[in-house]
Structure formats: C-alpha cells, structure tokens
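Undergrad: Take a look at coords32.pdb, PDB, C-alpha atoms, pLDDT in the B column:
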ATOM      1  CA  MET A 374       0.000   0.000   0.000  1.00 92.00           C
ATOM      2  CA  LEU A 375       1.292   3.454  -0.918  1.00 97.00           C
ATOM      3  CA  ARG A 376       2.529   5.612   1.957  1.00 98.00           C
ATOM      4  CA  VAL A 377       1.679   9.321   1.780  1.00 98.00           C
ATOM      5  CA  ASN A 378       3.213  11.812   4.198  1.00 98.00           C
ATOM      6  CA  VAL A 379       2.332  15.462   4.501  1.00 98.00           C
ATOM      7  CA  ILE A 380       5.437  17.022   6.029  1.00 98.00           C
ATOM      8  CA  CYS A 381       4.690  20.518   7.290  1.00 97.00           C
ATOM      9  CA  VAL A 382       6.361  23.234   9.275  1.00 97.00           C
ATOM     10  CA  GLY A 383       4.222  24.496  12.140  1.00 94.00           C
ATOM     11  CA  LYS A 384       1.408  23.051  14.183  1.00 94.00           C
ATOM     12  CA  LEU A 385      -2.314  23.512  13.712  1.00 95.00           C
ATOM     13  CA  LYS A 386      -3.792  25.700  16.420  1.00 92.00           C
ATOM     14  CA  GLU A 387      -7.520  25.914  15.691  1.00 96.00           C
ATOM     15  CA  LYS A 388      -9.668  22.920  16.626  1.00 97.00           C
ATOM     16  CA  TYR A 389     -11.775  23.102  13.464  1.00 97.00           C
ATOM     17  CA  LEU A 390      -8.654  22.798  11.298  1.00 97.00           C
ATOM     18  CA  LYS A 391      -7.331  19.901  13.381  1.00 97.00           C
ATOM     19  CA  ASP A 392     -10.725  18.217  13.066  1.00 98.00           C
ATOM     20  CA  ALA A 393     -10.729  18.653   9.285  1.00 98.00           C
ATOM     21  CA  VAL A 394      -7.249  17.143   8.912  1.00 98.00           C
ATOM     22  CA  ALA A 395      -8.226  14.296  11.240  1.00 98.00           C
ATOM     23  CA  GLU A 396     -11.324  13.562   9.137  1.00 98.00           C
ATOM     24  CA  TYR A 397      -9.380  13.484   5.861  1.00 98.00           C
ATOM     25  CA  SER A 398      -6.647  11.398   7.509  1.00 98.00           C
ATOM     26  CA  LYS A 399      -9.264   8.861   8.555  1.00 98.00           C
ATOM     27  CA  ARG A 400     -10.781   8.780   5.057  1.00 98.00           C
ATOM     28  CA  LEU A 401      -7.368   8.471   3.395  1.00 98.00           C
ATOM     29  CA  GLY A 402      -6.655   5.406   5.527  1.00 97.00           C
ATOM     30  CA  ALA A 403      -8.873   3.406   3.182  1.00 97.00           C
ATOM     31  CA  PHE A 404      -6.545   4.164   0.259  1.00 98.00           C
ATOM     32  CA  CYS A 405      -3.024   4.583   1.640  1.00 98.00           C
ATOM     33  CA  LYS A 406      -0.887   4.705   4.753  1.00 98.00           C
ATOM     34  CA  PHE A 407      -1.339   8.391   5.492  1.00 98.00           C
ATOM     35  CA  SER A 408       0.418  10.555   8.056  1.00 98.00           C
ATOM     36  CA  VAL A 409       0.956  14.194   8.847  1.00 98.00           C
ATOM     37  CA  ILE A 410       4.415  15.028  10.174  1.00 98.00           C
ATOM     38  CA  GLU A 411       4.548  18.396  11.948  1.00 97.00           C
ATOM     39  CA  LEU A 412       7.910  20.071  12.412  1.00 97.00           C
ATOM     40  CA  ASP A 413       8.685  23.047  14.627  1.00 95.00           C
ATOM     41  CA  GLU A 414       8.849  26.488  13.096  1.00 93.00           C
ATOM     42  CA  GLU A 415      12.183  28.204  13.521  1.00 92.00           C
ATOM     43  CA  LYS A 416      12.063  30.921  16.178  1.00 88.00           C
ATOM     44  CA  THR A 417      12.691  34.452  14.943  1.00 83.00           C
ATOM     45  CA  ASN A 418      12.027  38.065  15.692  1.00 81.00           C
ATOM     46  CA  ASP A 419       9.008  39.812  14.138  1.00 80.00           C
ATOM     47  CA  ASP A 420      10.946  41.367  11.264  1.00 83.00           C
ATOM     48  CA  PRO A 421      13.964  39.276  10.214  1.00 89.00           C
ATOM     49  CA  ASN A 422      16.381  40.573   7.595  1.00 92.00           C
ATOM     50  CA  GLU A 423      17.361  38.595   4.477  1.00 93.00           C
ATOM     51  CA  ALA A 424      20.134  36.748   6.305  1.00 93.00           C
ATOM     52  CA  GLY A 425      17.714  35.853   9.096  1.00 94.00           C
ATOM     53  CA  ILE A 426      15.176  34.513   6.611  1.00 95.00           C
ATOM     54  CA  ALA A 427      17.900  32.479   4.878  1.00 96.00           C
ATOM     55  CA  ASN A 428      18.865  30.981   8.252  1.00 96.00           C
ATOM     56  CA  ILE A 429      15.224  30.151   9.004  1.00 96.00           C
ATOM     57  CA  LEU A 430      14.770  28.436   5.629  1.00 97.00           C
ATOM     58  CA  ALA A 431      18.013  26.499   6.027  1.00 97.00           C
ATOM     59  CA  ALA A 432      17.153  25.247   9.522  1.00 97.00           C
ATOM     60  CA  GLU A 433      13.602  24.282   8.583  1.00 98.00           C
ATOM     61  CA  GLY A 434      14.901  22.702   5.381  1.00 98.00           C
ATOM     62  CA  ARG A 435      17.317  20.486   7.313  1.00 98.00           C
ATOM     63  CA  ARG A 436      14.483  19.295   9.556  1.00 98.00           C
ATOM     64  CA  ILE A 437      12.280  18.585   6.516  1.00 98.00           C
ATOM     65  CA  LEU A 438      14.994  16.688   4.647  1.00 98.00           C
ATOM     66  CA  SER A 439      15.714  14.563   7.736  1.00 98.00           C
ATOM     67  CA  LYS A 440      12.178  13.133   7.404  1.00 98.00           C
ATOM     68  CA  ILE A 441      12.562  12.160   3.731  1.00 98.00           C
ATOM     69  CA  ASP A 442      14.062   8.845   2.669  1.00 97.00           C
ATOM     70  CA  ARG A 443      16.255   8.574  -0.414  1.00 96.00           C
ATOM     71  CA  SER A 444      13.655   6.600  -2.389  1.00 97.00           C
ATOM     72  CA  ASP A 445      10.672   8.858  -1.556  1.00 98.00           C
ATOM     73  CA  LEU A 446       8.925  10.860  -4.244  1.00 98.00           C
ATOM     74  CA  VAL A 447       8.877  14.455  -3.001  1.00 98.00           C
ATOM     75  CA  ILE A 448       6.325  17.088  -3.954  1.00 98.00           C
ATOM     76  CA  ALA A 449       7.118  20.609  -2.749  1.00 98.00           C
ATOM     77  CA  MET A 450       4.124  22.859  -2.236  1.00 97.00           C
ATOM     78  CA  CYS A 451       5.241  26.294  -3.403  1.00 94.00           C
ATOM     79  CA  ILE A 452       3.709  29.346  -5.033  1.00 92.00           C
ATOM     80  CA  GLU A 453       5.930  29.104  -8.123  1.00 94.00           C
ATOM     81  CA  GLY A 454       4.949  25.480  -8.648  1.00 97.00           C
ATOM     82  CA  LYS A 455       2.833  23.940 -11.353  1.00 97.00           C
ATOM     83  CA  GLN A 456      -0.935  23.969 -10.956  1.00 97.00           C
ATOM     84  CA  LEU A 457      -2.724  20.659 -11.577  1.00 98.00           C
ATOM     85  CA  SER A 458      -6.401  19.812 -11.778  1.00 97.00           C
ATOM     86  CA  SER A 459      -7.692  17.240  -9.302  1.00 97.00           C
ATOM     87  CA  GLU A 460      -7.799  14.687 -12.122  1.00 98.00           C
ATOM     88  CA  LYS A 461      -4.180  15.367 -13.081  1.00 98.00           C
ATOM     89  CA  LEU A 462      -3.053  15.066  -9.464  1.00 98.00           C
ATOM     90  CA  ALA A 463      -4.917  11.751  -9.260  1.00 98.00           C
ATOM     91  CA  ARG A 464      -3.117  10.556 -12.407  1.00 98.00           C
ATOM     92  CA  TYR A 465       0.265  11.713 -11.035  1.00 98.00           C
ATOM     93  CA  ILE A 466      -0.285   9.720  -7.832  1.00 98.00           C
ATOM     94  CA  SER A 467      -1.522   6.676  -9.743  1.00 98.00           C
ATOM     95  CA  ASP A 468       1.427   6.782 -12.135  1.00 98.00           C
ATOM     96  CA  ALA A 469       3.855   7.069  -9.219  1.00 98.00           C
ATOM     97  CA  GLY A 470       2.454   3.892  -7.671  1.00 95.00           C
ATOM     98  CA  VAL A 471       2.541   2.042 -10.994  1.00 95.00           C
ATOM     99  CA  ASN A 472       6.171   3.106 -11.452  1.00 96.00           C
ATOM    100  CA  GLY A 473       7.207   1.546  -8.146  1.00 96.00           C
ATOM    101  CA  VAL A 474       7.069   4.526  -5.792  1.00 98.00           C
ATOM    102  CA  SER A 475       6.222   3.332  -2.283  1.00 98.00           C
ATOM    103  CA  THR A 476       6.243   6.686  -0.461  1.00 98.00           C
ATOM    104  CA  ILE A 477       5.142  10.160  -1.515  1.00 98.00           C
ATOM    105  CA  ASP A 478       6.100  13.114   0.670  1.00 98.00           C
ATOM    106  CA  LEU A 479       4.212  16.380   0.161  1.00 98.00           C
ATOM    107  CA  VAL A 480       6.008  19.254   1.858  1.00 98.00           C
ATOM    108  CA  ILE A 481       4.501  22.500   3.133  1.00 97.00           C
ATOM    109  CA  GLY A 482       7.047  25.023   4.387  1.00 96.00           C
ATOM    110  CA  GLY A 483       6.744  27.594   7.121  1.00 93.00           C
ATOM    111  CA  SER A 484       5.670  31.195   6.744  1.00 88.00           C
ATOM    112  CA  TRP A 485       8.815  32.008   4.725  1.00 93.00           C
ATOM    113  CA  GLY A 486       8.361  29.075   2.341  1.00 94.00           C
ATOM    114  CA  LEU A 487      10.806  26.294   1.518  1.00 97.00           C
ATOM    115  CA  SER A 488      14.570  26.275   1.151  1.00 97.00           C
ATOM    116  CA  GLU A 489      16.102  25.736  -2.273  1.00 97.00           C
ATOM    117  CA  GLU A 490      17.539  22.453  -0.953  1.00 98.00           C
ATOM    118  CA  VAL A 491      14.034  21.126  -0.299  1.00 98.00           C
ATOM    119  CA  LYS A 492      12.720  22.434  -3.614  1.00 98.00           C
ATOM    120  CA  SER A 493      15.665  20.849  -5.434  1.00 98.00           C
ATOM    121  CA  ARG A 494      14.928  17.486  -3.797  1.00 98.00           C
ATOM    122  CA  ALA A 495      11.350  17.605  -5.110  1.00 98.00           C
ATOM    123  CA  LYS A 496      10.334  15.778  -8.271  1.00 98.00           C
ATOM    124  CA  LEU A 497       7.376  18.168  -8.587  1.00 98.00           C
ATOM    125  CA  ARG A 498       6.812  21.712  -7.404  1.00 98.00           C
ATOM    126  CA  LEU A 499       3.074  22.060  -6.929  1.00 98.00           C
ATOM    127  CA  SER A 500       0.988  25.187  -6.392  1.00 97.00           C
ATOM    128  CA  MET A 501      -2.629  25.097  -5.259  1.00 94.00           C
ATOM    129  CA  SER A 502      -3.383  28.506  -6.697  1.00 93.00           C
ATOM    130  CA  GLU A 503      -1.952  31.889  -7.518  1.00 90.00           C
ATOM    131  CA  MET A 504      -3.862  33.107  -4.469  1.00 89.00           C
ATOM    132  CA  THR A 505      -2.214  33.116  -1.060  1.00 85.00           C
ATOM    133  CA  PHE A 506      -3.665  30.933   1.701  1.00 86.00           C
ATOM    134  CA  PRO A 507      -2.745  30.623   5.381  1.00 86.00           C
ATOM    135  CA  HIS A 508      -0.409  27.667   5.872  1.00 82.00           C
ATOM    136  CA  GLN A 509      -2.854  26.028   8.245  1.00 89.00           C
ATOM    137  CA  LEU A 510      -5.703  26.207   5.737  1.00 94.00           C
ATOM    138  CA  ALA A 511      -3.397  25.014   2.946  1.00 94.00           C
ATOM    139  CA  ARG A 512      -2.797  21.832   4.937  1.00 96.00           C
ATOM    140  CA  VAL A 513      -6.529  21.123   5.096  1.00 97.00           C
ATOM    141  CA  MET A 514      -6.900  21.888   1.388  1.00 97.00           C
ATOM    142  CA  LEU A 515      -4.017  19.571   0.509  1.00 98.00           C
ATOM    143  CA  CYS A 516      -5.475  16.728   2.585  1.00 98.00           C
ATOM    144  CA  GLU A 517      -8.836  17.216   0.860  1.00 98.00           C
ATOM    145  CA  GLN A 518      -7.219  17.154  -2.576  1.00 98.00           C
ATOM    146  CA  LEU A 519      -5.314  13.993  -1.693  1.00 98.00           C
ATOM    147  CA  TYR A 520      -8.562  12.360  -0.613  1.00 98.00           C
ATOM    148  CA  ARG A 521     -10.210  13.575  -3.824  1.00 98.00           C
ATOM    149  CA  ALA A 522      -7.324  12.182  -5.912  1.00 98.00           C
ATOM    150  CA  PHE A 523      -7.542   8.752  -4.299  1.00 98.00           C
ATOM    151  CA  SER A 524     -11.331   8.837  -4.671  1.00 98.00           C
ATOM    152  CA  ILE A 525     -10.975   9.633  -8.370  1.00 98.00           C
ATOM    153  CA  ASN A 526      -8.530   6.761  -8.804  1.00 97.00           C
ATOM    154  CA  ALA A 527     -10.889   4.405  -6.945  1.00 97.00           C
ATOM    155  CA  GLY A 528     -13.894   5.498  -9.015  1.00 96.00           C
ATOM    156  CA  THR A 529     -15.964   6.619  -6.031  1.00 95.00           C
ATOM    157  CA  LYS A 530     -18.707   9.248  -6.250  1.00 91.00           C
ATOM    158  CA  TYR A 531     -16.889  11.810  -4.066  1.00 90.00           C
ATOM    159  CA  HIS A 532     -15.533  13.663  -7.097  1.00 78.00           C
ATOM    160  CA  LYS A 533     -18.318  14.954  -9.330  1.00 70.00           C
TER     161      LYS A 533
END
Would you mind writing the structure in this file as structure tokens?
TA:
Amino acid sequence: MLRVNVICVGKLKEKYLKDAVAEYSKRLGAFCKFSVIELDEEKTNDDPNEAGIANILAAEGRRILSKIDRSDLVIAMCIEGKQLSSEKLARYISDAGVNGVSTIDLVIGGSWGLSEEVKSRAKLRLSMSEMTFPHQLARVMLCEQLYRAFSINAGTKYHK
C-alpha cells in the first residue's frame, strides 16, 4: 500500500482545522498509509532581515529533509509550482504507484516558504493557486485534494 506523508512546518492551532485534517486522515486510511508530520517552526524576531530569513529556511529545510528517505517521491508545495487539476493530481499519484514509488512526501514550508535544498529534492513543485492561503488552511486543502485524488482513482462518487 502506498505511503503518503504530509510534512509541514508548524502546528495547527484551531480545533476546526485539526478536526478537518483528522477527518481526511481517517478517510485516506482506506486508500493509503497516510500521516501528517509536523515540524517546529524556527524561532525568529518579528521582522527578520534577508540573512535571518535564509537561516530560518536552512534550519527548517534540514528538519524537513531529515524526514525524507532517499527513495521517496517528493512534492514541494510552493507558489511558483505547477498547478494541476484534481484529475491530473490523481493521475500523477496513480502513475507514481505504478512506477514503483512506495512513499510520496508532500512538503509545506513555514511562513517564509521552503529552502532551495528542499525544492531541489522535489520531483514536482506544486501550487494550489496563484492566491495566497494561510499555511494552516493550505494543509486542510491539501489533505482534501489527496482524498479527492484517491477517490478519483478508486472510481468513487466523491468527485463529481
């Protein structure tokens, strides 16, 4: 069974967001071994300079990369990434499994994004939209889209 990890920087604070992720995690369990891996955000002052931001990205990037195995397929969630329809994401996941991938890691960075090291490790840079979303909401949206993709691949009625 395919393993799917959502690796994210920061913890969910609001109960309704935690509940939504928990619901999609439960649903995804029917299709894959699903987990959400939360990593600590790097501490900083309220207005870091460029060097401070680079240090934050580097530290968070090291923590992210420590959770990724060499054989994992990595998808970096980033604004400059490619936008896919739900059907195309479903096909991408299906093709990965057919091609022998056993683990897919989808990575959501902290408030400053992802380091170039993490982006370089990714096979796909994926963007949900040109719009900006709070990181916590993006996690819920990603979990929903993963559930939708697996539902599409399974031929269920969830996706209309």
Undergrad: Counting all atoms listed in the file, which residues of stretch 382-411 of chain A fall within 7 Å of stretch 515-529 of chain A, and what is the closest atom pair for each with its distance in Å at one decimal, ordered by chain and rising number, as CSV?
TA:
residue,atom,partner,partner_atom,distance
A:Val394,CA,A:Cys516,CA,6.6
A:Tyr397,CA,A:Cys516,CA,6.0
A:Leu401,CA,A:Tyr520,CA,5.7
A:Phe404,CA,A:Phe523,CA,6.5
Undergrad: Can you measure atom CA of A:Leu457 to atom CA of A:Met514 for me? One decimal in Å is fine.
TA: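 Computed distance, atom CA of A:Leu457 to atom CA of A:Met514, equals 13.7 Å.
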Undergrad: Find the spatial neighbours of A:Lys440, counting only C-alpha atoms, within a cut-off of 12 Å - ignore same-chain residues fewer than 2 positions away - and output them as an MDAnalysis selection string.
TA: chainID A and resid 378:382 409:412 433:438 442:445 447 476:480 491
Undergrad: Write out as a PyMOL selection string which residues come within 12 Å of A:Lys384 when counting all atoms listed in the file, dropping same-chain ones fewer than 6 positions away.
TA: chain A and resi 390-391+394+409-415+481-484+508-510+512
Undergrad: Could you check the closest approach to A:Gly470 for each of A:Asp419, A:Cys405, A:Lys530, A:Glu387 and tell me which residue wins, using all atoms listed in the file?
TA: A:Cys405
Undergrad: Tell me which of A:Gly402, A:Gly486, A:Gly454, A:Pro507 sits closest to A:Ala432, counting all atoms listed in the file.
TA: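 Looking only at the distances to A:Ala432, the closest residue turns out to be A:Gly486.
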Undergrad: Expressed in Å to a single decimal, how great is the separation between atom CA of A:Tyr531 and atom CA of A:Leu499?
TA: 22.6 Å
Undergrad: Could you tell me how far atom CA of A:Met501 lies from atom CA of A:Trp485, in Å and to one decimal?
TA: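 If I compute the distance from atom CA of A:Met501 to atom CA of A:Trp485, I get 16.7 Å.
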Undergrad: Considering all atoms listed in the file, state which residue in the set A:Leu487, A:Ala395, A:Ala463, A:Ala469 is at the smallest distance from A:Phe407.
TA: A:Ala395
Undergrad: Assuming the chain letters and numbering stay as they are in my file, what does the PyMOL selection byres ((chain A and resi 452) around 10) actually select? List them as a PyMOL selection string.
TA: chain A and resi 449-451+453-456+486+498-505
Undergrad: Which of these residues is nearest to A:Met374, using all atoms listed in the file: A:Ala431, A:Ala495, A:Ala424, A:Ala403?
TA: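 Selected residue with least distance to A:Met374: A:Ala403.
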Undergrad: Ranking A:Lys386, A:Lys533, A:Arg494, A:Arg376 by minimum distance to A:Ile448 and counting all atoms listed in the file, which one comes first?
TA: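 Going through A:Lys386, A:Lys533, A:Arg494, A:Arg376 one by one, the smallest distance to A:Ile448 is for A:Arg494.
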